[in-house]
$ cat protein39.txt   # compact mmCIF, C-alpha atoms and all ligand atoms
# COMPACT_ATOMS: atom_id res chain seq x y z
CA MET A 1 -23.42 -10.03 -86.47
CA ASN A 2 -20.96 -9.58 -89.37
CA LYS A 3 -22.38 -11.73 -92.20
CA SER A 4 -19.08 -13.53 -92.74
CA LYS A 5 -19.12 -14.56 -89.07
CA LEU A 6 -22.57 -16.19 -89.40
CA PRO A 7 -22.65 -19.99 -89.30
CA HIS A 8 -22.82 -21.70 -92.69
CA VAL A 9 -25.95 -23.88 -93.03
CA VAL A 10 -26.81 -25.92 -96.12
CA ILE A 11 -30.51 -26.64 -96.74
CA ILE A 12 -31.18 -29.81 -98.73
CA GLY A 13 -34.63 -30.03 -100.34
CA THR A 14 -36.28 -33.43 -100.84
CA GLY A 15 -39.98 -32.51 -101.36
CA GLY A 16 -43.03 -33.13 -99.20
CA THR A 17 -45.90 -30.94 -98.06
CA ILE A 18 -43.50 -28.15 -97.10
CA ALA A 19 -42.75 -27.89 -100.85
CA SER A 20 -46.34 -28.36 -101.97
CA THR A 21 -49.18 -26.11 -103.11
CA ALA A 22 -52.92 -26.68 -103.45
CA PRO A 23 -55.50 -25.05 -105.76
CA SER A 24 -56.89 -22.89 -102.93
CA SER A 25 -55.75 -21.42 -99.59
CA THR A 26 -58.26 -23.54 -97.71
CA ALA A 27 -57.23 -26.84 -99.32
CA LEU A 28 -55.19 -28.60 -96.62
CA THR A 29 -55.03 -32.15 -97.91
CA ASP A 30 -55.20 -32.41 -101.70
CA TYR A 31 -51.97 -30.83 -102.93
CA SER A 32 -48.83 -31.74 -104.87
CA VAL A 33 -45.12 -31.03 -104.68
CA THR A 34 -44.53 -27.95 -106.84
CA GLU A 35 -41.85 -25.84 -105.12
CA GLY A 36 -38.10 -26.23 -105.35
CA ILE A 37 -35.65 -25.31 -102.62
CA ASP A 38 -35.11 -21.86 -104.15
CA SER A 39 -38.75 -20.89 -103.69
CA LEU A 40 -38.77 -22.25 -100.13
CA LEU A 41 -35.78 -20.02 -99.32
CA LYS A 42 -37.36 -17.04 -101.09
CA ALA A 43 -40.47 -17.43 -98.91
CA VAL A 44 -38.41 -16.98 -95.73
CA PRO A 45 -35.90 -14.16 -96.40
CA GLU A 46 -35.43 -13.80 -92.62
CA ILE A 47 -33.18 -16.88 -92.52
CA ALA A 48 -30.42 -14.84 -94.17
CA LYS A 49 -30.01 -13.09 -90.79
CA LEU A 50 -29.44 -16.45 -89.05
CA ALA A 51 -26.79 -18.06 -91.25
CA ARG A 52 -24.92 -18.03 -94.52
CA ILE A 53 -27.29 -20.27 -96.48
CA GLY A 54 -26.52 -22.79 -99.21
CA GLY A 55 -29.36 -24.65 -100.89
CA GLU A 56 -29.54 -27.79 -103.00
CA GLN A 57 -32.26 -30.07 -104.32
CA LEU A 58 -31.55 -33.75 -103.77
CA PHE A 59 -34.94 -34.85 -105.17
CA ASN A 60 -38.46 -33.38 -104.97
CA ILE A 61 -41.09 -35.99 -104.10
CA GLU A 62 -43.59 -37.06 -101.46
CA SER A 63 -41.71 -38.89 -98.75
CA PHE A 64 -43.80 -42.08 -99.06
CA ALA A 65 -42.02 -42.53 -102.42
CA ILE A 66 -38.49 -42.38 -100.97
CA THR A 67 -36.47 -45.52 -101.76
CA ASN A 68 -33.49 -47.20 -100.08
CA LYS A 69 -31.33 -45.78 -102.88
CA MET A 70 -32.51 -42.25 -102.04
CA LEU A 71 -31.77 -42.85 -98.34
CA LEU A 72 -28.21 -43.78 -99.25
CA LYS A 73 -27.95 -40.72 -101.51
CA MET A 74 -29.19 -38.47 -98.67
CA ALA A 75 -26.74 -39.86 -96.10
CA THR A 76 -23.84 -39.77 -98.56
CA ARG A 77 -24.53 -36.13 -99.46
CA VAL A 78 -24.89 -35.09 -95.82
CA ASN A 79 -21.56 -36.74 -94.97
CA GLN A 80 -19.86 -35.08 -97.93
CA LEU A 81 -21.16 -31.63 -96.92
CA LEU A 82 -20.35 -32.02 -93.21
CA ALA A 83 -16.79 -33.06 -94.04
CA ASP A 84 -16.32 -29.48 -95.30
CA PRO A 85 -14.89 -27.50 -92.33
CA ASP A 86 -16.66 -24.39 -93.60
CA ILE A 87 -20.12 -25.99 -93.20
CA ASP A 88 -21.57 -25.82 -89.68
CA GLY A 89 -24.92 -27.57 -90.02
CA ILE A 90 -27.50 -29.10 -92.33
CA VAL A 91 -31.27 -28.67 -92.65
CA ILE A 92 -33.24 -31.20 -94.70
CA THR A 93 -36.75 -30.24 -95.86
CA HIS A 94 -38.70 -33.50 -96.10
CA GLY A 95 -42.20 -34.94 -96.32
CA THR A 96 -43.66 -35.79 -92.92
CA ASP A 97 -45.09 -39.22 -93.78
CA THR A 98 -41.75 -41.04 -93.57
CA LEU A 99 -39.64 -38.29 -92.02
CA GLU A 100 -38.93 -40.40 -88.94
CA GLU A 101 -37.45 -43.17 -91.12
CA SER A 102 -35.03 -40.84 -92.89
CA ALA A 103 -34.17 -39.09 -89.62
CA TYR A 104 -33.36 -42.38 -87.89
CA PHE A 105 -31.38 -43.67 -90.87
CA LEU A 106 -29.27 -40.49 -90.78
CA ASN A 107 -28.99 -40.75 -86.99
CA LEU A 108 -27.22 -44.08 -87.54
CA THR A 109 -25.13 -43.18 -90.61
CA VAL A 110 -24.06 -39.51 -90.39
CA LYS A 111 -20.39 -39.42 -89.34
CA SER A 112 -20.20 -35.93 -87.85
CA HIS A 113 -21.09 -34.19 -84.59
CA LYS A 114 -22.49 -31.17 -86.45
CA PRO A 115 -26.26 -30.47 -86.28
CA VAL A 116 -28.51 -32.18 -88.83
CA VAL A 117 -32.14 -31.03 -88.56
CA LEU A 118 -35.06 -32.49 -90.50
CA VAL A 119 -38.08 -30.26 -91.01
CA GLY A 120 -41.42 -30.56 -92.77
CA ALA A 121 -44.89 -29.11 -92.71
CA MET A 122 -48.41 -30.39 -92.18
CA ARG A 123 -50.02 -27.72 -94.38
CA PRO A 124 -49.00 -26.82 -97.94
CA GLY A 125 -47.31 -23.48 -98.56
CA SER A 126 -50.48 -22.20 -100.26
CA ALA A 127 -52.63 -22.69 -97.14
CA ILE A 128 -53.94 -20.13 -94.67
CA SER A 129 -51.62 -20.44 -91.63
CA ALA A 130 -49.12 -22.59 -93.50
CA ASP A 131 -46.69 -24.00 -90.91
CA GLY A 132 -43.74 -24.54 -93.29
CA PRO A 133 -42.12 -21.09 -93.30
CA LEU A 134 -41.74 -20.77 -89.52
CA ASN A 135 -40.76 -24.44 -89.25
CA LEU A 136 -37.99 -23.79 -91.80
CA TYR A 137 -36.88 -20.61 -90.00
CA ASN A 138 -36.69 -22.50 -86.69
CA ALA A 139 -34.85 -25.42 -88.27
CA VAL A 140 -32.13 -23.07 -89.54
CA LEU A 141 -31.99 -21.35 -86.14
CA LEU A 142 -31.43 -24.78 -84.55
CA ALA A 143 -28.90 -26.03 -87.11
CA ALA A 144 -26.91 -22.82 -86.59
CA HIS A 145 -26.99 -23.15 -82.79
CA PRO A 146 -23.69 -24.15 -81.14
CA GLN A 147 -25.43 -26.37 -78.55
CA ALA A 148 -27.23 -28.41 -81.22
CA SER A 149 -24.12 -30.44 -82.05
CA HIS A 150 -23.32 -33.87 -80.52
CA LEU A 151 -27.06 -34.58 -80.08
CA GLY A 152 -27.55 -36.88 -83.07
CA VAL A 153 -30.04 -36.03 -85.78
CA LEU A 154 -32.90 -33.75 -84.70
CA VAL A 155 -36.46 -33.19 -85.94
CA SER A 156 -38.03 -29.78 -85.47
CA LEU A 157 -41.60 -28.80 -86.32
CA ASN A 158 -44.12 -26.68 -84.43
CA ASP A 159 -41.51 -25.18 -82.06
CA ARG A 160 -40.50 -28.62 -80.72
CA ILE A 161 -37.08 -30.29 -80.91
CA VAL A 162 -37.24 -34.09 -80.81
CA ALA A 163 -34.40 -36.62 -81.12
CA ALA A 164 -34.52 -38.75 -84.28
CA ARG A 165 -34.26 -41.94 -82.19
CA PHE A 166 -37.49 -41.23 -80.33
CA VAL A 167 -39.66 -39.11 -82.64
CA SER A 168 -42.66 -40.40 -84.56
CA LYS A 169 -45.55 -38.90 -86.49
CA THR A 170 -48.41 -39.30 -84.01
CA ASN A 171 -51.33 -37.61 -85.80
CA THR A 172 -52.37 -37.76 -89.44
CA THR A 173 -53.13 -34.05 -89.88
CA GLN A 174 -52.30 -31.95 -86.79
CA VAL A 175 -49.35 -29.51 -86.93
CA ASP A 176 -48.23 -30.81 -83.51
CA THR A 177 -47.82 -34.35 -84.81
CA PHE A 178 -44.11 -35.02 -84.23
CA ARG A 179 -43.81 -36.22 -80.65
CA SER A 180 -42.17 -38.85 -78.49
CA TYR A 181 -44.80 -40.06 -76.03
CA GLU A 182 -42.28 -41.58 -73.62
CA GLN A 183 -39.14 -39.41 -73.99
CA GLY A 184 -40.82 -36.11 -74.93
CA CYS A 185 -38.91 -33.26 -76.57
CA ILE A 186 -35.23 -32.61 -75.93
CA GLY A 187 -35.96 -28.92 -76.35
CA HIS A 188 -38.19 -26.12 -77.60
CA ILE A 189 -37.82 -23.12 -79.85
CA ASN A 190 -39.57 -20.19 -78.28
CA ASN A 191 -39.69 -16.73 -79.86
CA GLN A 192 -36.40 -17.26 -81.77
CA GLN A 193 -34.64 -18.74 -78.73
CA VAL A 194 -33.40 -22.36 -78.72
CA HIS A 195 -33.91 -24.10 -75.37
CA LEU A 196 -32.25 -27.53 -75.07
CA TYR A 197 -32.92 -29.60 -71.96
CA GLN A 198 -31.69 -33.13 -72.63
CA THR A 199 -29.06 -35.19 -74.45
CA PRO A 200 -30.18 -38.48 -76.04
CA THR A 201 -28.40 -41.44 -74.43
CA ARG A 202 -28.85 -43.89 -77.30
CA LEU A 203 -25.74 -44.18 -79.51
CA HIS A 204 -25.83 -42.21 -82.76
CA THR A 205 -23.80 -40.75 -85.65
CA THR A 206 -20.08 -41.25 -84.98
CA GLN A 207 -20.85 -43.76 -82.20
CA THR A 208 -22.42 -46.43 -84.41
CA ASP A 209 -20.92 -49.41 -86.26
CA PHE A 210 -22.60 -48.37 -89.51
CA ASP A 211 -20.61 -46.86 -92.38
CA ILE A 212 -22.50 -46.58 -95.65
CA SER A 213 -19.65 -44.97 -97.62
CA ALA A 214 -19.14 -48.16 -99.62
CA THR A 215 -22.75 -49.43 -99.49
CA LYS A 216 -24.24 -49.91 -102.95
CA ALA A 217 -27.62 -51.30 -101.82
CA LEU A 218 -29.39 -51.89 -98.52
CA PRO A 219 -30.74 -55.36 -97.64
CA SER A 220 -34.44 -55.93 -98.28
CA VAL A 221 -36.47 -55.83 -95.04
CA ASP A 222 -40.28 -56.07 -94.94
CA ILE A 223 -42.78 -55.12 -92.23
CA ILE A 224 -45.75 -57.44 -91.62
CA TYR A 225 -48.65 -56.24 -89.52
CA ASP A 226 -50.09 -58.79 -87.08
CA HIS A 227 -53.77 -58.92 -86.13
CA GLN A 228 -56.63 -61.28 -85.30
CA ASN A 229 -56.95 -64.14 -87.79
CA ALA A 230 -53.65 -63.21 -89.52
CA GLY A 231 -52.46 -65.55 -92.25
CA LEU A 232 -49.14 -67.07 -93.19
CA HIS A 233 -49.19 -65.81 -96.79
CA PHE A 234 -47.39 -62.48 -96.20
CA TYR A 235 -44.47 -64.34 -94.59
CA GLU A 236 -44.34 -66.82 -97.45
CA ALA A 237 -44.48 -64.02 -100.02
CA SER A 238 -41.82 -61.93 -98.25
CA ILE A 239 -39.43 -64.90 -98.02
CA ALA A 240 -40.12 -65.84 -101.65
CA ALA A 241 -39.41 -62.23 -102.69
CA GLY A 242 -35.95 -62.49 -101.13
CA ALA A 243 -36.36 -60.47 -97.94
CA GLN A 244 -33.30 -60.74 -95.70
CA GLY A 245 -35.26 -59.46 -92.71
CA ILE A 246 -38.85 -59.26 -91.52
CA VAL A 247 -40.13 -56.88 -88.84
CA VAL A 248 -43.40 -58.01 -87.27
CA ALA A 249 -45.68 -55.18 -86.11
CA ALA A 250 -46.85 -57.55 -83.40
CA CYS A 251 -49.67 -57.15 -80.90
CA GLY A 252 -49.19 -55.57 -77.49
CA ASN A 253 -45.82 -56.32 -75.93
CA GLY A 254 -44.59 -58.10 -79.09
CA SER A 255 -47.08 -60.99 -78.87
CA MET A 256 -47.51 -62.85 -82.15
CA SER A 257 -50.60 -64.64 -83.45
CA PRO A 258 -50.30 -68.38 -84.13
CA GLN A 259 -49.76 -67.84 -87.86
CA ALA A 260 -47.29 -65.01 -87.22
CA ARG A 261 -45.31 -67.37 -84.99
CA LYS A 262 -45.43 -69.96 -87.77
CA GLY A 263 -44.32 -67.29 -90.23
CA ALA A 264 -41.42 -66.34 -87.98
CA ARG A 265 -40.35 -69.98 -87.77
CA LEU A 266 -40.50 -70.21 -91.57
CA ALA A 267 -38.41 -67.04 -91.82
CA VAL A 268 -35.77 -68.36 -89.44
CA LYS A 269 -35.68 -71.63 -91.37
CA HIS A 270 -34.88 -69.59 -94.50
CA LYS A 271 -32.21 -67.57 -92.60
CA VAL A 272 -34.38 -64.44 -92.65
CA ILE A 273 -33.82 -62.40 -89.46
CA CYS A 274 -37.13 -61.74 -87.70
CA VAL A 275 -37.64 -58.81 -85.31
CA ARG A 276 -40.60 -58.45 -82.93
CA SER A 277 -41.76 -54.83 -82.85
CA SER A 278 -45.21 -53.64 -81.80
CA ARG A 279 -48.18 -51.98 -83.48
CA VAL A 280 -48.99 -50.23 -80.19
CA GLY A 281 -46.97 -47.09 -80.94
CA SER A 282 -44.99 -46.61 -77.73
CA GLY A 283 -43.23 -48.65 -75.06
CA ILE A 284 -40.61 -51.40 -75.06
CA VAL A 285 -41.07 -54.86 -76.57
CA SER A 286 -39.60 -56.88 -73.71
CA ALA A 287 -36.89 -59.37 -74.52
CA SER A 288 -38.33 -62.87 -74.06
CA VAL A 289 -36.59 -65.98 -72.75
CA ASN A 290 -37.93 -67.68 -75.88
CA ASP A 291 -36.23 -65.25 -78.28
CA ALA A 292 -32.84 -66.97 -78.18
CA ARG A 293 -34.40 -70.42 -78.72
CA GLN A 294 -36.69 -69.15 -81.49
CA ARG A 295 -33.86 -66.95 -82.88
CA LEU A 296 -35.99 -63.82 -82.72
CA VAL A 297 -34.90 -60.24 -81.94
CA SER A 298 -36.83 -57.77 -79.78
CA ALA A 299 -37.09 -54.27 -81.28
CA ASN A 300 -36.74 -52.72 -77.82
CA SER A 301 -38.68 -49.43 -78.16
CA LEU A 302 -38.32 -48.97 -81.93
CA ASN A 303 -41.61 -48.83 -83.84
CA PRO A 304 -41.85 -51.12 -86.89
CA GLN A 305 -40.74 -48.52 -89.44
CA LYS A 306 -37.65 -47.61 -87.41
CA ALA A 307 -36.90 -51.25 -86.55
CA ARG A 308 -36.79 -51.86 -90.32
CA ILE A 309 -34.19 -49.08 -90.71
CA LEU A 310 -31.96 -50.51 -87.98
CA LEU A 311 -32.34 -54.09 -89.22
CA MET A 312 -31.34 -53.06 -92.78
CA LEU A 313 -28.15 -51.46 -91.46
CA ALA A 314 -27.45 -54.31 -89.02
CA LEU A 315 -27.74 -56.90 -91.80
CA GLY A 316 -25.10 -54.94 -93.70
CA VAL A 317 -22.70 -55.74 -90.83
CA THR A 318 -23.76 -59.11 -89.39
CA GLY A 319 -26.26 -61.96 -89.38
CA ASP A 320 -25.46 -62.79 -85.77
CA ILE A 321 -28.65 -62.63 -83.68
CA ALA A 322 -26.88 -61.65 -80.45
CA GLN A 323 -25.04 -58.76 -82.14
CA ILE A 324 -28.23 -57.59 -83.86
CA GLN A 325 -30.05 -57.68 -80.52
CA SER A 326 -27.27 -55.58 -78.99
CA TYR A 327 -27.80 -52.96 -81.69
CA PHE A 328 -31.51 -52.80 -80.84
CA ASP A 329 -30.64 -52.41 -77.17
CA ARG A 330 -28.06 -49.63 -77.68
CA TYR A 331 -28.97 -47.59 -80.81
N1 LIG A 401 -48.38 -35.41 -96.34
C1 LIG A 401 -46.96 -35.58 -96.39
C2 LIG A 401 -46.26 -34.37 -95.80
O1 LIG A 401 -46.86 -33.85 -94.86
C3 LIG A 401 -46.48 -35.91 -97.74
C4 LIG A 401 -45.07 -36.39 -97.65
O2 LIG A 401 -44.71 -37.06 -96.67
O3 LIG A 401 -44.32 -36.14 -98.60
O4 LIG A 401 -45.18 -33.98 -96.17
$ encode --input "protein39.txt" --output "structure tokens"
Amino acid sequence: MNKSKLPHVVIIGTGGTIASTAPSSTALTDYSVTEGIDSLLKAVPEIAKLARIGGEQLFNIESFAITNKMLLKMATRVNQLLADPDIDGIVITHGTDTLEESAYFLNLTVKSHKPVVLVGAMRPGSAISADGPLNLYNAVLLAAHPQASHLGVLVSLNDRIVAARFVSKTNTTQVDTFRSYEQGCIGHINNQQVHLYQTPTRLHTTQTDFDISATKALPSVDIIYDHQNAGLHFYEASIAAGAQGIVVAACGNGSMSPQARKGARLAVKHKVICVRSSRVGSGIVSASVNDARQRLVSANSLNPQKARILLMLALGVTGDIAQIQSYFDRY
């Protein structure tokens, strides 16, 4: 295809294992972020055949160090780039540890139908059988694909295409870690061909109430893990620290231990919005008849880390429990 006719894809680097190297080719865990976006692009010259490529470095860190401020910077930059009619899609190279949080945040705040694809790697670039280069190639192939628009933000690693709303990191080290147990993949990339099978039904991008263009800071929302013999002290500390929301990684179908229930009551008393998610990892936290009376919100099928993302954005719009619950049931 004539080069000038190729789609224009901008690759934004943020760090992570995909941009990391280790002292030896067999070291798969102890590594550090050493490579900038330019060296990632140099390692995969084949992408020049897929699209006209732009590259920029937003920051270059492990994703567990990403802050709310960086999330806002990422979404703002993506919206600026996609507003350019000459840009057809975005790829973001990102650490895998919190990739699902950034992907879901963008899924709710990007105001464009164009493809946004997040990609990472489970092995550093220095490793035997590093997975980053082919993951990056496939992510560009997807972002340049005409059918990849209007799907919300996508995550693609290991030949799979998963919707940001449903994806989570399901294994600490395996290359096949990004899955959605209940909704599966919306597509696959097979031998340079993009195969898309489904369209996510949950509202995203231009369909949401969230506009961060004037947002200077996101509300503080904590996650508190529930378990046998849990104490009240994390709730007390979170409220004292000024949290505006608390997500409980509750047991089973959103069941809370006696002290967690006491902590939730304390939160509500201090006008801190409390969401019941689950530590289980998949499935829906059923709405309970008691939620309205106890002024609690069910996270629906959002895991705790994604429930925190939605609650931060919801609190930027409203403190109304019923409206916040409707966000969890639709986004
Ligand atoms: N181990 C992580 C990764 O796979 C590190 C990170 O999230 O930055 O990218």
$ residues_near_ligand --input "protein39.txt" --ligand "ligand LIG 401 (chain A)" --cutoff "12 Å" --atoms "only C-alpha atoms and all ligand atoms" --output "ChimeraX atom specification"
/A:13-21,28-34,59-66,93-102,118-125,130-132,157,169,171-178
$ closest_residue --input "protein39.txt" --among "A:Leu72, A:Leu50, A:Ile189, A:Ile324" --to "Asp209 of chain A" --atoms "all atoms listed in the file"
A:Ile324
$ closest_residue --input "protein39.txt" --among "A:Cys185, A:Leu232, A:Leu218, A:Leu82" --to "Met312 of chain A" --atoms "only C-alpha atoms"
A:Leu218
$ closest_residue --input "protein39.txt" --among "A:Ala314, A:Leu81, A:Leu151, A:Cys251" --to "Ile186 of chain A" --atoms "all atoms listed in the file"
A:Leu151
$ atom_distance --input "protein39.txt" --atom1 "atom CA of Gly187 of chain A" --atom2 "atom CA of Arg52 of chain A"
23.9 Å
$ decode --input "protein39.txt" --residues "segment 98-115 of chain A" --atoms "N, CA, C and O atoms" --output "PDB file, in the first residue's frame"
ATOM      1  N   THR A  98      -0.707  -2.796  36.430  1.00  0.00           N
ATOM      2  CA  THR A  98      -1.929  -1.990  36.618  1.00  0.00           C
ATOM      3  C   THR A  98      -2.517  -1.592  35.267  1.00  0.00           C
ATOM      4  O   THR A  98      -3.302  -0.646  35.180  1.00  0.00           O
ATOM      5  N   LEU A  99      -2.175  -2.353  34.244  1.00  0.00           N
ATOM      6  CA  LEU A  99      -2.658  -2.030  32.885  1.00  0.00           C
ATOM      7  C   LEU A  99      -4.173  -1.957  32.826  1.00  0.00           C
ATOM      8  O   LEU A  99      -4.759  -1.066  32.196  1.00  0.00           O
ATOM      9  N   GLU A 100      -4.841  -2.862  33.555  1.00  0.00           N
ATOM     10  CA  GLU A 100      -6.310  -2.897  33.482  1.00  0.00           C
ATOM     11  C   GLU A 100      -6.921  -1.626  34.091  1.00  0.00           C
ATOM     12  O   GLU A 100      -7.998  -1.189  33.689  1.00  0.00           O
ATOM     13  N   GLU A 101      -6.209  -1.016  35.053  1.00  0.00           N
ATOM     14  CA  GLU A 101      -6.747   0.217  35.659  1.00  0.00           C
ATOM     15  C   GLU A 101      -6.664   1.374  34.668  1.00  0.00           C
ATOM     16  O   GLU A 101      -7.631   2.113  34.472  1.00  0.00           O
ATOM     17  N   SER A 102      -5.504   1.501  34.008  1.00  0.00           N
ATOM     18  CA  SER A 102      -5.366   2.577  33.019  1.00  0.00           C
ATOM     19  C   SER A 102      -6.329   2.348  31.856  1.00  0.00           C
ATOM     20  O   SER A 102      -6.968   3.283  31.364  1.00  0.00           O
ATOM     21  N   ALA A 103      -6.434   1.085  31.414  1.00  0.00           N
ATOM     22  CA  ALA A 103      -7.301   0.784  30.269  1.00  0.00           C
ATOM     23  C   ALA A 103      -8.750   1.143  30.589  1.00  0.00           C
ATOM     24  O   ALA A 103      -9.453   1.763  29.774  1.00  0.00           O
ATOM     25  N   TYR A 104      -9.192   0.817  31.804  1.00  0.00           N
ATOM     26  CA  TYR A 104     -10.589   1.106  32.160  1.00  0.00           C
ATOM     27  C   TYR A 104     -10.807   2.598  32.353  1.00  0.00           C
ATOM     28  O   TYR A 104     -11.854   3.143  31.967  1.00  0.00           O
ATOM     29  N   PHE A 105      -9.813   3.280  32.912  1.00  0.00           N
ATOM     30  CA  PHE A 105      -9.917   4.744  33.071  1.00  0.00           C
ATOM     31  C   PHE A 105     -10.071   5.394  31.691  1.00  0.00           C
ATOM     32  O   PHE A 105     -10.940   6.238  31.475  1.00  0.00           O
ATOM     33  N   LEU A 106      -9.263   4.953  30.737  1.00  0.00           N
ATOM     34  CA  LEU A 106      -9.356   5.508  29.372  1.00  0.00           C
ATOM     35  C   LEU A 106     -10.672   5.113  28.715  1.00  0.00           C
ATOM     36  O   LEU A 106     -11.286   5.892  27.983  1.00  0.00           O
ATOM     37  N   ASN A 107     -11.142   3.903  29.019  1.00  0.00           N
ATOM     38  CA  ASN A 107     -12.409   3.439  28.447  1.00  0.00           C
ATOM     39  C   ASN A 107     -13.561   4.373  28.824  1.00  0.00           C
ATOM     40  O   ASN A 107     -14.553   4.487  28.108  1.00  0.00           O
ATOM     41  N   LEU A 108     -13.412   5.020  29.999  1.00  0.00           N
ATOM     42  CA  LEU A 108     -14.468   5.899  30.519  1.00  0.00           C
ATOM     43  C   LEU A 108     -14.244   7.368  30.168  1.00  0.00           C
ATOM     44  O   LEU A 108     -15.162   8.176  30.279  1.00  0.00           O
ATOM     45  N   THR A 109     -13.009   7.716  29.732  1.00  0.00           N
ATOM     46  CA  THR A 109     -12.691   9.149  29.568  1.00  0.00           C
ATOM     47  C   THR A 109     -12.220   9.542  28.173  1.00  0.00           C
ATOM     48  O   THR A 109     -12.149  10.734  27.874  1.00  0.00           O
ATOM     49  N   VAL A 110     -11.883   8.584  27.313  1.00  0.00           N
ATOM     50  CA  VAL A 110     -11.505   8.941  25.935  1.00  0.00           C
ATOM     51  C   VAL A 110     -12.778   9.359  25.200  1.00  0.00           C
ATOM     52  O   VAL A 110     -13.804   8.686  25.283  1.00  0.00           O
ATOM     53  N   LYS A 111     -12.696  10.515  24.505  1.00  0.00           N
ATOM     54  CA  LYS A 111     -13.898  11.028  23.805  1.00  0.00           C
ATOM     55  C   LYS A 111     -13.680  10.925  22.288  1.00  0.00           C
ATOM     56  O   LYS A 111     -13.676  11.918  21.568  1.00  0.00           O
ATOM     57  N   SER A 112     -13.520   9.686  21.841  1.00  0.00           N
ATOM     58  CA  SER A 112     -13.341   9.421  20.406  1.00  0.00           C
ATOM     59  C   SER A 112     -13.745   7.975  20.153  1.00  0.00           C
ATOM     60  O   SER A 112     -13.678   7.131  21.051  1.00  0.00           O
ATOM     61  N   HIS A 113     -14.152   7.705  18.900  1.00  0.00           N
ATOM     62  CA  HIS A 113     -14.484   6.324  18.522  1.00  0.00           C
ATOM     63  C   HIS A 113     -13.254   5.577  18.020  1.00  0.00           C
ATOM     64  O   HIS A 113     -13.302   4.370  17.794  1.00  0.00           O
ATOM     65  N   LYS A 114     -12.151   6.310  17.814  1.00  0.00           N
ATOM     66  CA  LYS A 114     -10.973   5.701  17.172  1.00  0.00           C
ATOM     67  C   LYS A 114     -10.346   4.650  18.104  1.00  0.00           C
ATOM     68  O   LYS A 114     -10.462   4.744  19.328  1.00  0.00           O
ATOM     69  N   PRO A 115      -9.638   3.661  17.538  1.00  0.00           N
ATOM     70  CA  PRO A 115      -9.048   2.605  18.369  1.00  0.00           C
ATOM     71  C   PRO A 115      -7.974   3.131  19.320  1.00  0.00           C
ATOM     72  O   PRO A 115      -7.128   3.949  18.929  1.00  0.00           O
TER      73      PRO A 115
END
